[in-house]
>>> print(open('query.txt').read())   # compact mmCIF, C-alpha atoms
# COMPACT_ATOMS: atom_id res chain seq x y z
CA MET O 1 157.62 -29.06 143.17
CA VAL O 2 158.79 -31.29 140.34
CA SER O 3 162.22 -30.35 138.99
CA GLN O 4 162.95 -30.07 135.29
CA GLU O 5 165.10 -33.20 135.51
CA GLN O 6 162.30 -35.17 137.20
CA ARG O 7 159.84 -33.94 134.59
CA ARG O 8 162.22 -34.94 131.77
CA ARG O 9 162.57 -38.43 133.20
CA GLN O 10 158.81 -38.71 133.62
CA LEU O 11 158.23 -37.73 129.99
CA ALA O 12 160.84 -40.24 128.83
CA ARG O 13 159.16 -43.03 130.79
CA GLU O 14 155.75 -42.06 129.41
CA LYS O 15 157.16 -42.13 125.88
CA PHE O 16 158.61 -45.54 126.53
CA LEU O 17 155.30 -46.92 127.76
CA ARG O 18 153.46 -45.50 124.76
CA GLN O 19 156.02 -47.07 122.46
CA GLN O 20 155.57 -50.44 124.14
CA GLN O 21 151.81 -50.20 123.73
CA ARG O 22 152.20 -49.39 120.03
CA ARG O 23 154.56 -52.31 119.53
CA THR O 24 152.26 -54.67 121.36
CA SER O 25 149.34 -53.55 119.18
CA ALA O 26 151.44 -53.96 116.04
CA ARG O 27 152.39 -57.49 117.03
CA ARG O 28 148.76 -58.35 117.66
CA ARG O 29 147.74 -57.03 114.24
CA ALA O 30 150.58 -58.97 112.62
CA ARG O 31 149.52 -62.17 114.35
CA MET O 32 145.92 -61.71 113.21
CA ARG O 33 147.04 -61.02 109.65
CA ASN O 34 149.32 -64.06 109.60
CA SER O 35 146.52 -66.21 110.99
CA VAL O 36 144.22 -65.19 108.16
CA ILE O 37 146.89 -65.84 105.54
CA ALA O 38 147.62 -69.24 107.04
CA SER O 39 143.97 -70.26 106.97
CA VAL O 40 143.64 -69.23 103.34
CA LEU O 41 146.72 -71.09 102.22
CA GLY O 42 146.16 -74.05 104.51
CA VAL O 43 149.61 -73.56 105.98
CA VAL O 44 150.30 -74.06 109.64
CA VAL O 45 152.63 -71.35 110.81
CA ILE O 46 154.59 -72.02 113.93
CA GLY O 47 155.77 -68.72 115.47
CA SER O 48 158.01 -67.82 118.29
CA VAL O 49 156.32 -67.64 121.67
CA ALA O 50 158.49 -64.87 122.98
CA LEU O 51 158.16 -61.47 121.34
CA TYR O 52 160.05 -58.46 122.48
CA THR O 53 159.99 -54.77 122.34
CA THR O 54 162.29 -53.63 124.95
CA GLY O 55 161.15 -50.21 124.81
CA VAL O 56 163.66 -50.74 127.10
CA LEU O 57 162.60 -52.87 127.49
CA LYS O 58 159.28 -53.22 127.24
CA ASN O 59 161.24 -54.74 125.47
CA ASP O 60 162.38 -52.60 126.97
CA ASP O 61 163.56 -52.21 128.52
CA LYS O 62 166.36 -53.06 129.00
CA ALA O 63 165.49 -53.16 129.48
CA ASP O 64 161.55 -51.01 128.15
CA ASN O 65 163.42 -48.44 126.41
CA ALA O 66 162.47 -44.83 126.13
CA GLY O 67 160.52 -44.22 122.94
CA SER O 68 159.80 -41.20 120.79
CA ASP O 69 156.52 -40.01 119.37
CA VAL O 70 158.21 -37.79 116.80
CA THR O 71 159.11 -39.10 113.37
CA PRO O 72 162.26 -37.26 112.29
CA SER O 73 162.30 -35.64 108.87
CA ALA O 74 165.02 -36.37 106.36
CA SER O 75 166.64 -33.04 107.14
CA ALA O 76 166.83 -34.01 110.80
CA THR O 77 168.92 -37.12 110.18
CA PRO O 78 171.80 -36.96 112.67
CA SER O 79 175.42 -37.29 111.64
CA LYS O 80 176.99 -40.56 112.71
CA ALA O 81 179.82 -40.76 115.17
CA PRO O 82 182.80 -42.91 114.16
CA ASP O 83 182.31 -46.60 114.78
CA PRO O 84 184.58 -47.50 117.73
CA CYS O 85 184.26 -51.26 117.26
CA GLU O 86 186.08 -53.92 115.27
CA LYS O 87 184.84 -56.21 112.51
CA ALA O 88 182.72 -59.14 113.61
CA ALA O 89 184.20 -62.62 113.71
CA LYS O 90 183.35 -64.90 110.82
CA GLY O 91 180.18 -66.88 111.24
CA SER O 92 176.44 -66.51 111.10
CA VAL O 93 173.53 -66.51 113.51
CA GLN O 94 171.97 -69.90 114.13
CA LYS O 95 168.22 -70.22 113.76
CA LEU O 96 167.32 -72.07 116.94
CA SER O 97 164.03 -72.47 118.76
CA TRP O 98 162.62 -74.64 121.52
CA LYS O 99 159.06 -75.32 122.63
CA LYS O 100 159.64 -75.13 126.37
CA GLU O 101 162.01 -73.76 128.97
CA PRO O 102 165.07 -76.00 129.45
CA ALA O 103 165.15 -78.25 132.49
CA MET O 104 167.12 -76.93 135.45
CA SER O 105 170.71 -78.09 135.06
CA ILE O 106 172.78 -75.51 136.94
CA ASP O 107 173.89 -75.70 140.55
CA THR O 108 171.80 -72.95 142.13
CA SER O 109 174.17 -72.73 145.09
CA ALA O 110 177.22 -72.08 142.89
CA LYS O 111 178.52 -68.89 141.32
CA TYR O 112 178.32 -68.38 137.56
CA THR O 113 179.72 -65.72 135.27
CA MET O 114 178.87 -64.79 131.71
CA LYS O 115 181.35 -63.42 129.19
CA LEU O 116 180.15 -61.54 126.13
CA ALA O 117 183.04 -61.35 123.70
CA THR O 118 181.89 -58.46 121.50
CA THR O 119 183.32 -56.49 118.62
CA CYS O 120 183.66 -53.57 121.03
CA GLY O 121 185.43 -55.48 123.80
CA ASP O 122 184.70 -58.14 126.39
CA ILE O 123 181.82 -57.62 128.83
CA GLY O 124 181.98 -59.77 131.95
CA VAL O 125 178.85 -60.35 134.01
CA ALA O 126 178.56 -61.82 137.51
CA LEU O 127 175.29 -63.74 137.47
CA LYS O 128 172.78 -63.78 140.34
CA THR O 129 172.29 -67.52 140.32
CA SER O 130 170.42 -68.09 143.56
CA ALA O 131 168.17 -65.04 143.11
CA ALA O 132 167.30 -65.71 139.45
CA PRO O 133 167.86 -69.44 138.85
CA HIS O 134 165.47 -69.83 135.91
CA THR O 135 167.06 -66.89 134.12
CA VAL O 136 170.63 -67.99 134.74
CA ASN O 137 169.79 -71.58 133.77
CA SER O 138 168.25 -70.33 130.52
CA PHE O 139 171.32 -68.25 129.67
CA ASP O 140 173.60 -71.18 130.47
CA PHE O 141 171.53 -73.34 128.11
CA LEU O 142 171.31 -70.78 125.29
CA ALA O 143 174.99 -69.82 125.47
CA GLY O 144 175.93 -73.50 125.38
CA LYS O 145 173.92 -73.91 122.18
CA GLY O 146 175.64 -70.92 120.54
CA TYR O 147 172.33 -69.06 120.44
CA PHE O 148 173.85 -65.61 121.08
CA ASP O 149 176.91 -66.04 118.87
CA HIS O 150 177.18 -63.53 115.99
CA THR O 151 174.04 -61.65 117.12
CA LYS O 152 173.83 -57.86 117.06
CA CYS O 153 172.91 -55.70 120.02
CA HIS O 154 170.05 -53.94 118.26
CA ARG O 155 169.01 -51.12 120.55
CA LEU O 156 170.59 -48.23 122.44
CA THR O 157 168.67 -45.66 124.49
CA THR O 158 170.31 -42.37 125.42
CA ASN O 159 167.46 -40.29 126.82
CA GLY O 160 165.64 -40.89 130.10
CA ILE O 161 166.86 -44.47 130.38
CA TYR O 162 170.31 -45.61 129.42
CA VAL O 163 170.61 -49.18 128.20
CA LEU O 164 172.04 -51.37 125.47
CA GLN O 165 169.67 -54.18 124.44
CA CYS O 166 170.88 -57.48 123.05
CA GLY O 167 169.87 -61.13 122.75
CA ASP O 168 167.65 -61.12 119.66
CA PRO O 169 169.04 -63.29 116.84
CA THR O 170 166.78 -61.50 114.35
CA GLY O 171 168.14 -58.08 115.31
CA THR O 172 164.63 -56.62 115.11
CA GLY O 173 163.51 -56.61 118.73
CA SER O 174 160.88 -59.28 118.10
CA GLY O 175 162.92 -62.48 118.29
CA GLY O 176 163.14 -65.07 121.03
CA PRO O 177 164.02 -68.69 121.82
CA GLY O 178 160.48 -70.02 121.45
CA TYR O 179 159.86 -70.27 125.18
CA THR O 180 159.42 -67.83 128.05
CA ILE O 181 160.78 -67.80 131.59
CA PRO O 182 159.25 -66.48 134.81
CA ASP O 183 160.05 -63.07 136.28
CA GLU O 184 162.49 -63.31 139.17
CA ASN O 185 164.32 -61.16 141.71
CA LEU O 186 162.07 -58.12 141.25
CA LYS O 187 162.69 -57.08 144.84
CA ASP O 188 166.47 -57.08 144.47
CA LYS O 189 168.03 -54.81 147.06
CA SER O 190 169.89 -52.93 144.31
CA LEU O 191 166.61 -51.60 142.88
CA LYS O 192 166.04 -48.59 145.10
CA GLY O 193 163.46 -45.95 144.17
CA ASN O 194 162.60 -47.76 140.92
CA VAL O 195 166.12 -47.17 139.65
CA TYR O 196 168.10 -49.84 137.84
CA PRO O 197 171.66 -48.81 138.70
CA ALA O 198 174.50 -48.67 136.21
CA GLY O 199 175.98 -52.11 135.68
CA THR O 200 172.68 -53.97 136.02
CA VAL O 201 171.89 -56.70 133.49
CA ALA O 202 168.16 -57.41 133.28
CA MET O 203 165.63 -59.22 131.14
CA ALA O 204 163.55 -57.45 128.52
CA ASN O 205 159.92 -58.46 128.18
CA THR O 206 156.70 -57.63 126.35
CA GLY O 207 155.25 -55.56 129.17
CA GLN O 208 153.35 -58.57 130.51
CA LYS O 209 154.35 -60.80 133.41
CA HIS O 210 156.58 -63.81 132.79
CA THR O 211 157.34 -63.02 129.14
CA GLY O 212 161.13 -62.95 129.28
CA GLY O 213 162.93 -65.02 126.66
CA SER O 214 166.42 -64.25 125.40
CA GLN O 215 166.51 -60.46 125.06
CA PHE O 216 168.28 -58.58 127.83
CA PHE O 217 169.60 -55.12 128.48
CA LEU O 218 172.75 -53.73 130.06
CA VAL O 219 172.41 -50.49 132.01
CA TYR O 220 175.33 -48.10 131.46
CA GLN O 221 173.89 -45.24 133.54
CA ASP O 222 171.33 -45.22 136.36
CA SER O 223 167.89 -45.59 134.75
CA GLN O 224 164.48 -45.13 136.35
CA LEU O 225 162.22 -48.02 135.41
CA PRO O 226 159.41 -49.92 137.11
CA PRO O 227 160.68 -53.07 138.87
CA SER O 228 159.27 -55.32 136.15
CA TYR O 229 162.48 -56.58 134.57
CA THR O 230 164.37 -59.46 136.14
CA PRO O 231 167.80 -58.23 137.29
CA PHE O 232 170.08 -61.24 136.92
CA GLY O 233 173.63 -59.95 136.70
CA THR O 234 176.15 -57.16 137.24
CA VAL O 235 178.68 -55.94 134.66
CA ASP O 236 182.35 -55.86 135.67
CA ALA O 237 184.54 -52.73 135.54
CA ALA O 238 186.08 -53.59 132.17
CA GLY O 239 182.64 -54.26 130.72
CA MET O 240 181.38 -50.88 131.93
CA LYS O 241 184.15 -49.18 129.95
CA VAL O 242 182.97 -51.06 126.86
CA LEU O 243 179.37 -49.98 127.45
CA LYS O 244 180.41 -46.35 127.91
CA LYS O 245 182.33 -46.50 124.62
CA ILE O 246 179.28 -47.86 122.82
CA ALA O 247 177.01 -45.24 124.38
CA ALA O 248 179.40 -42.41 123.48
CA ALA O 249 179.02 -43.31 119.79
CA GLY O 250 175.28 -42.61 120.06
CA GLU O 251 172.28 -44.12 118.33
CA SER O 252 171.02 -43.87 114.78
CA THR O 253 167.83 -41.79 115.09
CA GLY O 254 169.02 -38.82 117.08
CA GLN O 255 165.85 -39.19 119.16
CA GLY O 256 167.41 -41.17 121.99
CA ASP O 257 166.22 -44.64 120.99
CA GLY O 258 167.52 -46.56 118.01
CA ALA O 259 170.19 -48.87 116.69
CA PRO O 260 173.63 -48.12 118.16
CA ASN O 261 176.00 -46.34 115.82
CA ALA O 262 178.68 -48.70 117.08
CA THR O 263 178.55 -52.10 115.41
CA VAL O 264 177.97 -54.20 118.51
CA VAL O 265 178.09 -57.91 117.71
CA ILE O 266 178.37 -60.68 120.27
CA ASP O 267 181.03 -62.88 118.66
CA LYS O 268 180.74 -65.43 121.44
CA ALA O 269 178.76 -65.78 124.69
CA THR O 270 179.88 -68.19 127.38
CA VAL O 271 178.54 -69.01 130.83
CA THR O 272 181.02 -70.51 133.30
CA LYS O 273 180.63 -72.04 136.73
CA SER O 274 183.24 -70.53 139.04
>>> encode(input="query.txt", output="structure tokens")
Amino acid sequence: MVSQEQRRRQLAREKFLRQQQRRTSARRRARMRNSVIASVLGVVVIGSVALYTTGVLKNDDKADNAGSDVTPSASATPSKAPDPCEKAAKGSVQKLSWKKEPAMSIDTSAKYTMKLATTCGDIGVALKTSAAPHTVNSFDFLAGKGYFDHTKCHRLTTNGIYVLQCGDPTGTGSGGPGYTIPDENLKDKSLKGNVYPAGTVAMANTGQKHTGGSQFFLVYQDSQLPPSYTPFGTVDAAGMKVLKKIAAAGESTGQGDGAPNATVVIDKATVTKS
């Protein structure tokens, strides 16, 4: 027999998948509309190659994030928890884009770490360089260009799957660096029973293969997801405390999937060879 908890998780995953499908359809309609407008005006529009949803994560995430089919009424608007985070550092998001994945420049046999200095505290990540070299190389490149600096973590899921999603300079869930990277490390030994364990850092994608870009999700509680999202790092103990603090403040919709109530801004992202 299926337990109530298993059924709840199943429903959450199904909601997430439906949400991803809706977002994918919406993006397709938007692209068609923009194409028509461009042809009428004679304007060539160059768009970003990588689009995200992370329902968590499908796009996602994560990571494909759990979605909701219910539109809350005005009377159902949840009360906000106090913001546990500090003011963001001065500065603005850079508008950067590239046509192709950066050339491999990291030492795939070395160890690398990533530090996300956020308004809510520092989140350290041990990167899985040898298992996900394209992903780690991309993050090393983007962090070095200041791509993540001053960007908001735009999505928090609190029902069924438990992730914080970041890495979109637009803060909308549809931004990316202009290129995509291949899926990697999908058979990581940590992914047992289609569960991304707490502390996992993984790539968000569009629900299609090899569509990762810059959006990623951090898992703050074990989350059942299909092994479709590249796991490329593990959050340290101090970072997990930061994630728990962010999660405790809740999300904006009251439906388990929305913008975090905490103002989570990555002031600075750095990747370091150790």
>>> closest_residue(input="query.txt", among="O:Asp107, O:Asp122, O:Asp236, O:Glu86", to="Asp140 (chain O)", atoms="only C-alpha atoms")
O:Asp107
>>> closest_residue(input="query.txt", among="O:Phe148, O:Phe217, O:Tyr229, O:Trp98", to="Asn205 (chain O)", atoms="only C-alpha atoms")
O:Tyr229
>>> residues_around(input="query.txt", residues="Asp267 (chain O)", least_positions_apart="6", cutoff="7 Å", atoms="all atoms listed in the file", output="MDAnalysis selection string")
chainID O and resid 88:89 117:119 149:150
>>> axis_aligned_box(input="query.txt", around="region 124-133 of chain O", padding_each_side="5 Å", output="lines of an AutoDock Vina configuration file")
center_x = 174.6
center_y = -64.6
center_z = 137.8
size_x = 24.7
size_y = 19.7
size_z = 21.6
>>> residues_around(input="query.txt", residues="Val163 (chain O)", least_positions_apart="2", cutoff="7 Å", atoms="all atoms listed in the file", output="ChimeraX atom specification")
/O:62-63,156-157,161,165,217-220
>>> residues_near_point(input="query.txt", point="(168.4, -47.6, 120.5)", cutoff="6 Å", atoms="all atoms listed in the file", output="mmCIF file with C-alpha atoms, keeping the file's coordinate frame")
data_model
loop_
_atom_site.group_PDB
_atom_site.id
_atom_site.type_symbol
_atom_site.label_atom_id
_atom_site.label_comp_id
_atom_site.auth_asym_id
_atom_site.auth_seq_id
_atom_site.Cartn_x
_atom_site.Cartn_y
_atom_site.Cartn_z
ATOM 1 C CA ARG O 155 169.010 -51.120 120.550
ATOM 2 C CA LEU O 156 170.590 -48.230 122.440
ATOM 3 C CA THR O 157 168.670 -45.660 124.490
ATOM 4 C CA GLU O 251 172.280 -44.120 118.330
ATOM 5 C CA ASP O 257 166.220 -44.640 120.990
ATOM 6 C CA GLY O 258 167.520 -46.560 118.010
ATOM 7 C CA ALA O 259 170.190 -48.870 116.690
ATOM 8 C CA PRO O 260 173.630 -48.120 118.160
#
>>> residues_around(input="query.txt", residues="Thr263 (chain O)", least_positions_apart="2", cutoff="8 Å", atoms="only C-alpha atoms", output="ChimeraX atom specification")
/O:83-86,119-120,152,260-261,265
>>> residues_around(input="query.txt", residues="Met104 (chain O)", least_positions_apart="2", cutoff="9 Å", atoms="only C-alpha atoms", output="list in words")
Glu101, Pro102, Ile106, Asp107, Pro133, His134, Asn137 and Ser138 of chain O
>>> residues_near_point(input="query.txt", point="(170.6, -67.7, 117.1)", cutoff="10 Å", atoms="all atoms listed in the file", output="PyMOL selection string")
chain O and resi 92-97+142-143+145-151+167-170+175-177+214
>>> atom_distance(input="query.txt", atom1="CA of Phe232 (chain O)", atom2="CA of Lys192 (chain O)")
15.6 Å
>>> atom_distance(input="query.txt", atom1="CA of Leu225 (chain O)", atom2="CA of Thr158 (chain O)")
14.0 Å
>>> closest_residue(input="query.txt", among="O:Cys166, O:Ala198, O:Ala132, O:Met114", to="Ala237 (chain O)", atoms="all atoms listed in the file")
O:Ala198
>>> atom_distance(input="query.txt", atom1="CA of Thr206 (chain O)", atom2="CA of Ala262 (chain O)")
25.5 Å
>>> residues_around(input="query.txt", residues="Leu186 (chain O)", least_positions_apart="3", cutoff="12 Å", atoms="all atoms listed in the file", output="ChimeraX atom specification")
/O:131-132,182-183,189-192,194-196,202-203,209-210,225-232
>>> closest_residue(input="query.txt", among="O:Lys100, O:Lys245, O:Lys187, O:Lys111", to="Pro82 (chain O)", atoms="all atoms listed in the file")
O:Lys245
>>> decode(input="query.txt", residues="region 193-209 of chain O", atoms="N, CA, C and O atoms", output="compact mmCIF listing (two decimals), in the first residue's frame")
# COMPACT_ATOMS: atom_id res chain seq x y z
N GLY O 193 17.66 5.94 -4.77
CA GLY O 193 16.20 5.94 -4.77
C GLY O 193 15.60 7.22 -5.31
O GLY O 193 14.54 7.65 -4.84
N ASN O 194 16.27 7.82 -6.29
CA ASN O 194 15.79 9.09 -6.88
C ASN O 194 15.62 10.18 -5.83
O ASN O 194 14.69 11.00 -5.91
N VAL O 195 16.50 10.19 -4.86
CA VAL O 195 16.48 11.23 -3.83
C VAL O 195 17.76 12.05 -3.93
O VAL O 195 18.87 11.51 -3.94
N TYR O 196 17.59 13.37 -4.04
CA TYR O 196 18.71 14.29 -3.96
C TYR O 196 18.85 14.66 -2.48
O TYR O 196 17.98 15.36 -1.93
N PRO O 197 19.88 14.18 -1.82
CA PRO O 197 19.99 14.40 -0.37
C PRO O 197 20.26 15.85 0.00
O PRO O 197 20.78 16.64 -0.82
N ALA O 198 19.91 16.20 1.22
CA ALA O 198 20.18 17.54 1.72
C ALA O 198 21.66 17.86 1.56
O ALA O 198 22.52 17.03 1.82
N GLY O 199 21.93 19.08 1.11
CA GLY O 199 23.30 19.50 0.90
C GLY O 199 23.75 19.41 -0.55
O GLY O 199 24.79 19.97 -0.92
N THR O 200 22.94 18.76 -1.39
CA THR O 200 23.30 18.64 -2.80
C THR O 200 23.14 19.98 -3.52
O THR O 200 22.18 20.71 -3.29
N VAL O 201 24.08 20.28 -4.40
CA VAL O 201 23.95 21.43 -5.30
C VAL O 201 23.88 20.86 -6.71
O VAL O 201 24.76 20.09 -7.12
N ALA O 202 22.83 21.19 -7.44
CA ALA O 202 22.61 20.59 -8.76
C ALA O 202 22.14 21.64 -9.76
O ALA O 202 21.66 22.70 -9.39
N MET O 203 22.29 21.29 -11.02
CA MET O 203 21.89 22.20 -12.10
C MET O 203 20.40 22.13 -12.36
O MET O 203 19.80 21.05 -12.40
N ALA O 204 19.79 23.27 -12.59
CA ALA O 204 18.42 23.34 -13.09
C ALA O 204 18.48 23.18 -14.60
O ALA O 204 19.53 23.36 -15.22
N ASN O 205 17.36 22.83 -15.20
CA ASN O 205 17.32 22.73 -16.66
C ASN O 205 15.91 22.94 -17.16
O ASN O 205 15.00 23.21 -16.37
N THR O 206 15.69 22.81 -18.45
CA THR O 206 14.37 23.06 -19.02
C THR O 206 13.49 21.83 -19.06
O THR O 206 12.37 21.87 -19.56
N GLY O 207 14.01 20.70 -18.57
CA GLY O 207 13.28 19.45 -18.68
C GLY O 207 13.76 18.61 -19.85
O GLY O 207 13.38 17.46 -19.99
N GLN O 208 14.65 19.19 -20.67
CA GLN O 208 15.26 18.48 -21.79
C GLN O 208 16.72 18.19 -21.46
O GLN O 208 17.32 18.83 -20.61
N LYS O 209 17.29 17.23 -22.16
CA LYS O 209 18.68 16.87 -21.91
C LYS O 209 19.63 18.00 -22.32
O LYS O 209 19.38 18.71 -23.29
